[in-house]
file model21.tsv (TSV, C-alpha atoms)
chain	number	residue	atom	x	y	z
R	16	MET	CA	50.21	-51.41	-138.50
R	17	ASN	CA	51.61	-54.85	-139.10
R	18	PHE	CA	50.81	-55.71	-135.48
R	19	ILE	CA	47.14	-54.61	-135.87
R	20	ARG	CA	46.72	-56.54	-139.11
R	21	LYS	CA	48.19	-59.61	-137.54
R	22	TYR	CA	45.93	-59.60	-134.51
R	23	ILE	CA	42.85	-57.83	-135.93
R	24	ARG	CA	40.59	-60.85	-135.47
R	25	ARG	CA	41.56	-61.32	-131.84
R	26	ILE	CA	41.11	-57.62	-131.15
R	27	LEU	CA	37.63	-57.59	-132.72
R	28	PHE	CA	36.68	-60.70	-130.75
R	29	LEU	CA	37.76	-59.13	-127.46
R	30	ILE	CA	35.92	-55.89	-128.28
R	31	THR	CA	32.74	-57.86	-129.11
R	32	ILE	CA	32.96	-59.77	-125.79
R	33	PHE	CA	33.51	-56.47	-123.92
R	34	VAL	CA	30.50	-54.85	-125.60
R	35	LEU	CA	28.28	-57.85	-124.82
R	36	ILE	CA	29.30	-57.76	-121.18
R	37	ILE	CA	28.42	-54.07	-121.02
R	38	MET	CA	25.06	-54.69	-122.73
R	39	ILE	CA	24.23	-57.54	-120.36
R	40	GLY	CA	25.02	-55.31	-117.42
R	41	LEU	CA	22.91	-52.51	-118.80
R	42	SER	CA	20.00	-54.76	-119.64
R	43	SER	CA	19.84	-55.97	-116.05
R	44	ILE	CA	18.39	-52.60	-115.13
R	45	GLY	CA	16.69	-51.89	-118.47
R	46	ARG	CA	17.71	-48.20	-118.37
R	47	VAL	CA	20.89	-46.22	-117.73
R	48	ASP	CA	20.37	-42.72	-116.39
R	49	ASP	CA	16.70	-42.91	-117.39
R	50	VAL	CA	17.73	-43.71	-120.96
R	51	ASN	CA	15.68	-46.46	-122.60
R	52	LEU	CA	18.03	-48.96	-124.27
R	53	GLY	CA	15.42	-49.70	-126.90
R	54	PHE	CA	16.46	-52.12	-129.60
R	55	LEU	CA	19.83	-52.77	-127.95
R	56	GLY	CA	18.10	-53.75	-124.71
R	57	SER	CA	15.83	-56.12	-126.57
R	58	VAL	CA	18.80	-57.78	-128.25
R	59	VAL	CA	20.63	-58.16	-124.98
R	60	SER	CA	17.49	-59.46	-123.29
R	61	GLY	CA	17.07	-62.03	-126.04
R	62	LEU	CA	20.67	-63.10	-125.62
R	63	GLN	CA	20.13	-63.43	-121.87
R	64	LYS	CA	17.04	-65.54	-122.42
R	65	LEU	CA	18.82	-67.77	-124.94
R	66	THR	CA	21.80	-68.16	-122.62
R	67	PHE	CA	19.55	-68.99	-119.65
R	68	ASN	CA	17.44	-71.52	-121.58
R	69	THR	CA	20.55	-73.16	-123.03
R	70	GLY	CA	22.03	-73.41	-119.54
R	71	GLN	CA	18.83	-74.92	-118.17
R	72	THR	CA	18.68	-77.44	-121.01
R	73	LEU	CA	22.30	-78.43	-120.52
R	74	THR	CA	21.77	-78.74	-116.77
R	75	SER	CA	18.66	-80.91	-117.21
R	76	SER	CA	20.47	-83.08	-119.75
R	77	PHE	CA	23.38	-83.49	-117.37
R	78	TYR	CA	21.13	-84.62	-114.52
R	79	SER	CA	19.18	-86.91	-116.90
R	80	VAL	CA	22.39	-88.59	-117.97
R	81	GLN	CA	23.37	-88.97	-114.31
R	82	GLU	CA	19.96	-90.53	-113.55
R	83	ILE	CA	20.25	-92.97	-116.47
R	84	VAL	CA	23.72	-94.03	-115.33
R	85	ARG	CA	22.47	-94.46	-111.74
R	86	MET	CA	19.46	-96.52	-112.86
R	87	ARG	CA	21.66	-98.68	-115.06
R	88	GLU	CA	24.02	-99.36	-112.14
R	89	GLU	CA	21.03	-100.20	-109.89
R	90	ASN	CA	19.63	-102.52	-112.57
R	91	ILE	CA	22.96	-104.35	-112.81
R	92	MET	CA	23.07	-104.69	-109.02
R	93	LEU	CA	19.49	-105.99	-108.91
R	94	THR	CA	20.20	-108.47	-111.70
R	95	ASP	CA	23.23	-109.79	-109.83
R	96	THR	CA	21.14	-110.04	-106.65
R	97	VAL	CA	18.42	-112.01	-108.46
R	98	HIS	CA	21.03	-114.44	-109.82
R	99	GLU	CA	22.51	-114.85	-106.34
R	100	LEU	CA	19.08	-115.48	-104.82
R	101	LYS	CA	18.22	-118.04	-107.52
R	102	GLU	CA	21.49	-119.84	-106.82
R	103	GLN	CA	20.73	-119.84	-103.08
R	104	VAL	CA	17.24	-121.23	-103.73
R	105	ARG	CA	18.71	-123.96	-105.94
R	106	LEU	CA	21.23	-124.91	-103.24
R	107	LEU	CA	18.52	-124.93	-100.56
R	108	GLU	CA	16.24	-127.10	-102.72
R	109	ASN	CA	19.13	-129.48	-103.32
R	110	ILE	CA	19.79	-129.66	-99.56
R	111	VAL	CA	16.10	-130.30	-98.84
R	112	ASN	CA	15.90	-133.03	-101.50
R	113	LYS	CA	19.06	-134.68	-100.22
R	114	SER	CA	17.89	-134.45	-96.61
R	115	GLU	CA	14.62	-136.20	-97.50
R	116	ALA	CA	16.49	-138.93	-99.36
R	117	LEU	CA	18.96	-139.35	-96.52
R	118	LYS	CA	16.09	-139.54	-94.02
R	119	THR	CA	14.45	-142.30	-96.10
R	120	GLU	CA	17.77	-144.15	-96.36
R	121	TYR	CA	18.27	-143.84	-92.61
R	122	GLU	CA	14.89	-145.48	-91.99
R	123	MET	CA	15.74	-148.25	-94.45
R	124	LYS	CA	19.11	-148.97	-92.84
R	125	LYS	CA	17.34	-149.76	-89.57
R	126	ASN	CA	15.89	-152.86	-91.27
R	127	LEU	CA	19.10	-154.07	-92.92
R	128	SER	CA	20.56	-157.21	-91.40
R	129	TYR	CA	23.37	-157.55	-93.95
R	130	ASP	CA	26.65	-155.75	-94.43
R	131	TYR	CA	26.44	-153.23	-97.25
R	132	THR	CA	28.32	-150.70	-99.35
R	133	VAL	CA	26.93	-147.42	-100.69
R	134	GLY	CA	27.58	-146.83	-104.38
R	135	GLN	CA	27.14	-143.84	-106.67
R	136	VAL	CA	25.74	-144.24	-110.17
R	137	ILE	CA	28.46	-142.97	-112.52
R	138	ALA	CA	27.25	-144.11	-115.94
R	139	LEU	CA	24.20	-145.44	-117.77
R	140	ASP	CA	24.59	-148.15	-120.39
R	141	ASP	CA	23.07	-147.76	-123.84
R	142	SER	CA	19.49	-148.22	-122.74
R	143	ASN	CA	16.36	-146.08	-122.87
R	144	TRP	CA	14.90	-147.80	-119.84
R	145	PHE	CA	17.73	-147.54	-117.27
R	146	SER	CA	18.02	-151.33	-117.30
R	147	ARG	CA	21.80	-151.28	-116.77
R	148	PHE	CA	24.21	-148.83	-115.15
R	149	THR	CA	27.67	-148.59	-113.58
R	150	ILE	CA	28.53	-147.70	-109.98
R	151	ASP	CA	31.77	-146.47	-108.43
R	152	LYS	CA	32.38	-149.49	-106.20
R	153	GLY	CA	34.10	-152.78	-107.07
R	154	THR	CA	36.10	-155.69	-105.74
R	155	ASP	CA	38.32	-153.35	-103.70
R	156	ASP	CA	35.16	-152.58	-101.72
R	157	GLY	CA	34.25	-156.25	-101.30
R	158	LEU	CA	31.68	-156.45	-104.12
R	159	LYS	CA	31.15	-159.58	-106.17
R	160	VAL	CA	28.87	-160.84	-108.93
R	161	ASN	CA	25.24	-161.47	-107.87
R	162	ASP	CA	25.40	-159.09	-104.91
R	163	ILE	CA	21.95	-157.58	-104.42
R	164	VAL	CA	21.46	-153.88	-105.22
R	165	ILE	CA	18.74	-152.01	-103.33
R	166	SER	CA	17.43	-148.50	-102.69
R	167	ALA	CA	15.24	-146.89	-100.05
R	168	VAL	CA	11.59	-146.59	-101.13
R	169	GLU	CA	8.77	-144.73	-99.40
R	170	THR	CA	5.27	-146.02	-100.12
R	171	GLU	CA	2.15	-143.88	-100.48
R	172	LYS	CA	1.35	-144.65	-96.85
R	173	GLY	CA	4.70	-143.22	-95.76
R	174	VAL	CA	6.24	-146.60	-94.96
R	175	VAL	CA	9.91	-146.96	-95.91
R	176	GLN	CA	10.71	-150.22	-97.67
R	177	ILE	CA	13.85	-151.90	-99.02
R	178	GLY	CA	13.31	-151.55	-102.75
R	179	LEU	CA	14.90	-153.97	-105.20
R	180	VAL	CA	17.09	-152.39	-107.88
R	181	GLY	CA	18.79	-155.49	-109.31
R	182	ILE	CA	22.05	-157.41	-109.03
R	183	VAL	CA	25.74	-156.89	-109.70
R	184	ALA	CA	26.52	-158.49	-113.07
R	185	GLU	CA	30.19	-157.54	-113.53
R	186	THR	CA	32.93	-156.23	-111.26
R	187	SER	CA	36.29	-154.53	-111.52
R	188	SER	CA	38.61	-153.16	-108.86
R	189	ASN	CA	36.81	-149.80	-108.56
R	190	TRP	CA	33.56	-150.15	-110.52
R	191	SER	CA	30.71	-152.60	-111.07
R	192	LYS	CA	27.93	-153.01	-113.60
R	193	VAL	CA	24.38	-153.49	-112.36
R	194	ILE	CA	21.47	-155.22	-114.13
R	195	THR	CA	18.13	-153.90	-112.90
R	196	VAL	CA	14.70	-155.51	-112.69
R	197	LEU	CA	13.88	-153.72	-115.97
R	198	ASP	CA	16.35	-155.85	-117.92
R	199	GLU	CA	15.01	-158.85	-119.83
R	200	SER	CA	17.80	-161.04	-118.48
R	201	CYS	CA	16.74	-160.36	-114.89
R	202	LYS	CA	14.32	-163.02	-113.57
R	203	ILE	CA	13.09	-162.75	-109.99
R	204	SER	CA	11.06	-165.15	-107.91
R	205	PHE	CA	8.34	-163.20	-106.08
R	206	ARG	CA	5.71	-163.65	-103.39
R	207	ASP	CA	2.36	-161.83	-103.33
R	208	ILE	CA	1.95	-160.45	-99.80
R	209	ASP	CA	-1.86	-160.59	-99.95
R	210	SER	CA	-2.34	-164.09	-101.35
R	211	ASP	CA	1.05	-165.57	-100.40
R	212	GLU	CA	1.22	-167.02	-103.92
R	213	SER	CA	4.59	-167.18	-105.67
R	214	GLY	CA	5.71	-166.67	-109.23
R	215	ILE	CA	8.32	-165.17	-111.56
R	216	VAL	CA	8.68	-161.59	-112.85
R	217	GLN	CA	11.01	-160.49	-115.61
R	218	GLY	CA	11.99	-157.28	-117.38
R	219	SER	CA	11.57	-156.76	-121.10
R	220	ILE	CA	13.12	-154.92	-124.01
R	221	ASP	CA	10.56	-152.11	-123.71
R	222	GLY	CA	11.23	-151.54	-120.02
R	223	THR	CA	8.05	-153.12	-118.63
R	224	VAL	CA	8.08	-155.78	-115.92
R	225	THR	CA	5.69	-158.69	-116.28
R	226	GLY	CA	5.26	-162.11	-114.66
R	227	TYR	CA	3.04	-165.03	-113.79
R	228	PHE	CA	2.14	-167.22	-110.80
R	229	PHE	CA	3.38	-170.74	-110.36
R	230	ASN	CA	-0.17	-171.67	-109.46
R	231	SER	CA	-2.16	-171.27	-112.70
R	232	LYS	CA	-5.35	-170.71	-110.68
R	233	ALA	CA	-3.89	-167.86	-108.65
R	234	VAL	CA	-5.08	-164.35	-109.38
R	235	ALA	CA	-3.96	-160.90	-108.25
R	236	ASN	CA	-5.66	-157.59	-107.71
R	237	LYS	CA	-4.39	-154.18	-108.66
R	238	ASP	CA	-1.94	-152.56	-106.20
R	239	GLU	CA	-0.99	-155.81	-104.48
R	240	PHE	CA	2.60	-155.81	-103.16
R	241	LEU	CA	5.20	-158.19	-104.53
R	242	VAL	CA	8.38	-159.04	-102.62
R	243	THR	CA	11.24	-161.43	-103.30
R	244	SER	CA	10.39	-164.96	-102.21
R	245	GLY	CA	13.94	-166.09	-101.50
R	246	ILE	CA	13.60	-169.07	-103.87
R	247	GLY	CA	16.82	-169.63	-105.76
R	248	GLU	CA	20.39	-168.71	-104.98
R	249	VAL	CA	20.39	-164.98	-105.70
R	250	TYR	CA	17.78	-162.86	-103.91
R	251	VAL	CA	17.16	-162.92	-100.19
R	252	PRO	CA	13.47	-162.86	-99.16
R	253	ASP	CA	11.16	-159.91	-98.50
R	254	ILE	CA	12.76	-157.20	-100.66
R	255	TYR	CA	10.05	-154.98	-102.14
R	256	ILE	CA	9.83	-155.50	-105.93
R	257	GLY	CA	6.78	-153.45	-106.87
R	258	ASN	CA	2.98	-153.33	-107.23
R	259	VAL	CA	0.64	-155.13	-109.58
R	260	THR	CA	-0.84	-152.61	-112.01
R	261	GLU	CA	-2.68	-154.91	-114.42
R	262	VAL	CA	-3.81	-158.51	-114.76
R	263	VAL	CA	-3.99	-159.74	-118.37
R	264	PRO	CA	-5.49	-163.08	-119.45
R	265	THR	CA	-3.22	-165.16	-121.68
R	266	THR	CA	-4.08	-167.40	-124.62
R	267	ASP	CA	-4.38	-170.14	-122.05
R	268	ALA	CA	-7.55	-169.19	-120.21
R	269	SER	CA	-6.35	-170.88	-117.05
R	270	THR	CA	-3.38	-168.51	-116.55
R	271	HIS	CA	-2.94	-164.76	-116.17
R	272	ARG	CA	-0.05	-162.42	-116.87
R	273	ILE	CA	0.58	-159.64	-114.37
R	274	VAL	CA	2.11	-156.25	-115.13
R	275	VAL	CA	4.24	-154.81	-112.33
R	276	GLU	CA	5.30	-151.25	-111.57
R	277	PRO	CA	8.76	-151.38	-109.93
R	278	ALA	CA	9.07	-149.87	-106.48
R	279	VAL	CA	12.20	-147.95	-107.42
R	280	GLU	CA	12.05	-144.82	-109.61
R	281	PHE	CA	15.03	-145.57	-111.84
R	282	THR	CA	15.04	-142.16	-113.53
R	283	LYS	CA	15.81	-140.56	-110.13
R	284	LEU	CA	18.33	-143.14	-109.00
R	285	SER	CA	21.74	-141.74	-108.04
R	286	ARG	CA	22.77	-143.70	-104.92
R	287	VAL	CA	22.34	-147.41	-104.28
R	288	TYR	CA	23.11	-149.88	-101.52
R	289	ILE	CA	24.83	-153.15	-102.32
R	290	LEU	CA	24.14	-156.00	-99.89
R	291	LYS	CA	27.11	-158.27	-99.18
R	292	VAL	CA	25.34	-161.59	-98.74
R	293	ASN	CA	27.38	-164.64	-97.80
R	294	ARG	CA	25.86	-167.51	-99.74
call {"tool": "encode", "arguments": {"input": "model21.tsv", "output": "structure tokens"}}
result
Amino acid sequence: MNFIRKYIRRILFLITIFVLIIMIGLSSIGRVDDVNLGFLGSVVSGLQKLTFNTGQTLTSSFYSVQEIVRMREENIMLTDTVHELKEQVRLLENIVNKSEALKTEYEMKKNLSYDYTVGQVIALDDSNWFSRFTIDKGTDDGLKVNDIVISAVETEKGVVQIGLVGIVAETSSNWSKVITVLDESCKISFRDIDSDESGIVQGSIDGTVTGYFFNSKAVANKDEFLVTSGIGEVYVPDIYIGNVTEVVPTTDASTHRIVVEPAVEFTKLSRVYILKVNR
């Protein structure tokens, strides 16, 4: 008796499971020996239906979870692929841009008659107009003060010119500071290719380049090319300075002030050539 009391719950549970198994078996045929199961059959049938539906729901949920996991993994893979493709496009664009620049520089070097050194821009001075910057070459590379700094420039007509950047203003063993044509301390003697008239251009504190002709009666038209004249002890002749964009009358009616757009795009400048001119 003590044994039955101790395990009564387990015994009842096993009996219940056994009865259910028998009822499920009986309900599969609906009748046993032509005996209608009646209410018991209905109960068993309901249990079968509930069990089947629950199984179907659990199965569907399982496959849904599998599908969500698979889609998430595919989404992660696609995201990684997109990032990789974007990086490849960026690298290809960089190669194309560099190849175009190198092609332009190659064409420019054909016209160089002076020894030169290639420098990389490593720092910009405190200026909003890129009027001064530092390069990674110095006296160890043969540079000295007043060496001419240039860059390859392609005109709208596709002609590659030697564009004037500025001059070396200060040197150290492995770096140099450059003053560009945008700086107010940079004065350049120019020659107008169309009229052959000469004058002086100079940078300003606001980054614009302006000038005037030596001949007060000389005039210029928009888009005329200005090159270095070679007058003075700094700049060699025929380096492309820029184009005339505006002619402004001064308070003296007999003279005009010209506004010049530099040939070099200073905001895109990263490499420069430094001419080693023996003066």
call {"tool": "closest_residue", "arguments": {"input": "model21.tsv", "among": "R:Lys101, R:Lys172, R:Lys291, R:Lys232", "to": "Ser213 (chain R)", "atoms": "all atoms listed in the file"}}
result
R:Lys232
call {"tool": "residues_around", "arguments": {"input": "model21.tsv", "residues": "Gly257 (chain R)", "least_positions_apart": "4", "cutoff": "8 Å", "atoms": "all atoms listed in the file", "output": "ChimeraX atom specification"}}
result
/R:178,240-242,275-279
call {"tool": "write_last_selection", "arguments": {"input": "model21.tsv", "atoms": "C-alpha atoms", "output": "PDB file, keeping the file's coordinate frame"}}
result
ATOM      1  CA  GLY R 178      13.310-151.550-102.750  1.00  0.00           C
ATOM      2  CA  PHE R 240       2.600-155.810-103.160  1.00  0.00           C
ATOM      3  CA  LEU R 241       5.200-158.190-104.530  1.00  0.00           C
ATOM      4  CA  VAL R 242       8.380-159.040-102.620  1.00  0.00           C
ATOM      5  CA  VAL R 275       4.240-154.810-112.330  1.00  0.00           C
ATOM      6  CA  GLU R 276       5.300-151.250-111.570  1.00  0.00           C
ATOM      7  CA  PRO R 277       8.760-151.380-109.930  1.00  0.00           C
ATOM      8  CA  ALA R 278       9.070-149.870-106.480  1.00  0.00           C
ATOM      9  CA  VAL R 279      12.200-147.950-107.420  1.00  0.00           C
TER      10      VAL R 279
END
call {"tool": "residues_near_point", "arguments": {"input": "model21.tsv", "point": "(6.3, -147.6, -102.8)", "cutoff": "8 Å", "atoms": "only C-alpha atoms", "output": "PDB file with C-alpha atoms, in the frame of the given file"}}
result
ATOM      1  CA  VAL R 168      11.590-146.590-101.130  1.00  0.00           C
ATOM      2  CA  GLU R 169       8.770-144.730 -99.400  1.00  0.00           C
ATOM      3  CA  THR R 170       5.270-146.020-100.120  1.00  0.00           C
ATOM      4  CA  GLU R 171       2.150-143.880-100.480  1.00  0.00           C
ATOM      5  CA  VAL R 174       6.240-146.600 -94.960  1.00  0.00           C
ATOM      6  CA  VAL R 175       9.910-146.960 -95.910  1.00  0.00           C
ATOM      7  CA  GLN R 176      10.710-150.220 -97.670  1.00  0.00           C
ATOM      8  CA  GLY R 257       6.780-153.450-106.870  1.00  0.00           C
ATOM      9  CA  ASN R 258       2.980-153.330-107.230  1.00  0.00           C
ATOM     10  CA  ALA R 278       9.070-149.870-106.480  1.00  0.00           C
ATOM     11  CA  VAL R 279      12.200-147.950-107.420  1.00  0.00           C
TER      12      VAL R 279
END
call {"tool": "residues_around", "arguments": {"input": "model21.tsv", "residues": "Lys202 (chain R)", "least_positions_apart": "5", "cutoff": "10 Å", "atoms": "all atoms listed in the file", "output": "number ranges by chain"}}
result
R: 181, 195-197, 215-218, 224, 226
call {"tool": "atom_distance", "arguments": {"input": "model21.tsv", "atom1": "CA of Leu290 (chain R)", "atom2": "CA of Gly173 (chain R)"}}
result
23.6 Å
call {"tool": "closest_residue", "arguments": {"input": "model21.tsv", "among": "R:Asn189, R:Val97, R:Ile163, R:Glu82", "to": "Tyr129 (chain R)", "atoms": "all atoms listed in the file"}}
result
R:Ile163
call {"tool": "atom_distance", "arguments": {"input": "model21.tsv", "atom1": "CA of Val234 (chain R)", "atom2": "CA of Asp253 (chain R)"}}
result
20.0 Å
call {"tool": "residues_around", "arguments": {"input": "model21.tsv", "residues": "Tyr227 (chain R)", "least_positions_apart": "6", "cutoff": "10 Å", "atoms": "all atoms listed in the file", "output": "ChimeraX atom specification"}}
result
/R:204-205,213-217,233-235,262-263,270-274
call {"tool": "atom_distance", "arguments": {"input": "model21.tsv", "atom1": "CA of Glu199 (chain R)", "atom2": "CA of Thr154 (chain R)"}}
result
25.6 Å
call {"tool": "axis_aligned_box", "arguments": {"input": "model21.tsv", "around": "region 267-285 of chain R", "padding_each_side": "8 Å", "output": "lines of an AutoDock Vina configuration file"}}
result
center_x = 7.1
center_y = -155.7
center_z = -114.3
size_x = 45.3
size_y = 46.3
size_z = 31.6
call {"tool": "residues_near_point", "arguments": {"input": "model21.tsv", "point": "(33.7, -152.4, -106.0)", "cutoff": "10 Å", "atoms": "all atoms listed in the file", "output": "list of chain:residue names"}}
result
R:Thr132, R:Val133, R:Gly134, R:Ile150, R:Asp151, R:Lys152, R:Gly153, R:Thr154, R:Asp155, R:Asp156, R:Gly157, R:Leu158, R:Lys159, R:Val183, R:Glu185, R:Thr186, R:Ser187, R:Ser188, R:Asn189, R:Trp190, R:Ser191, R:Lys192, R:Ile289
call {"tool": "write_last_selection", "arguments": {"input": "model21.tsv", "atoms": "C-alpha atoms", "output": "mmCIF file, in the coordinates of the input"}}
result
data_model
loop_
_atom_site.group_PDB
_atom_site.id
_atom_site.type_symbol
_atom_site.label_atom_id
_atom_site.label_comp_id
_atom_site.auth_asym_id
_atom_site.auth_seq_id
_atom_site.Cartn_x
_atom_site.Cartn_y
_atom_site.Cartn_z
ATOM 1 C CA THR R 132 28.320 -150.700 -99.350
ATOM 2 C CA VAL R 133 26.930 -147.420 -100.690
ATOM 3 C CA GLY R 134 27.580 -146.830 -104.380
ATOM 4 C CA ILE R 150 28.530 -147.700 -109.980
ATOM 5 C CA ASP R 151 31.770 -146.470 -108.430
ATOM 6 C CA LYS R 152 32.380 -149.490 -106.200
ATOM 7 C CA GLY R 153 34.100 -152.780 -107.070
ATOM 8 C CA THR R 154 36.100 -155.690 -105.740
ATOM 9 C CA ASP R 155 38.320 -153.350 -103.700
ATOM 10 C CA ASP R 156 35.160 -152.580 -101.720
ATOM 11 C CA GLY R 157 34.250 -156.250 -101.300
ATOM 12 C CA LEU R 158 31.680 -156.450 -104.120
ATOM 13 C CA LYS R 159 31.150 -159.580 -106.170
ATOM 14 C CA VAL R 183 25.740 -156.890 -109.700
ATOM 15 C CA GLU R 185 30.190 -157.540 -113.530
ATOM 16 C CA THR R 186 32.930 -156.230 -111.260
ATOM 17 C CA SER R 187 36.290 -154.530 -111.520
ATOM 18 C CA SER R 188 38.610 -153.160 -108.860
ATOM 19 C CA ASN R 189 36.810 -149.800 -108.560
ATOM 20 C CA TRP R 190 33.560 -150.150 -110.520
ATOM 21 C CA SER R 191 30.710 -152.600 -111.070
ATOM 22 C CA LYS R 192 27.930 -153.010 -113.600
ATOM 23 C CA ILE R 289 24.830 -153.150 -102.320
#
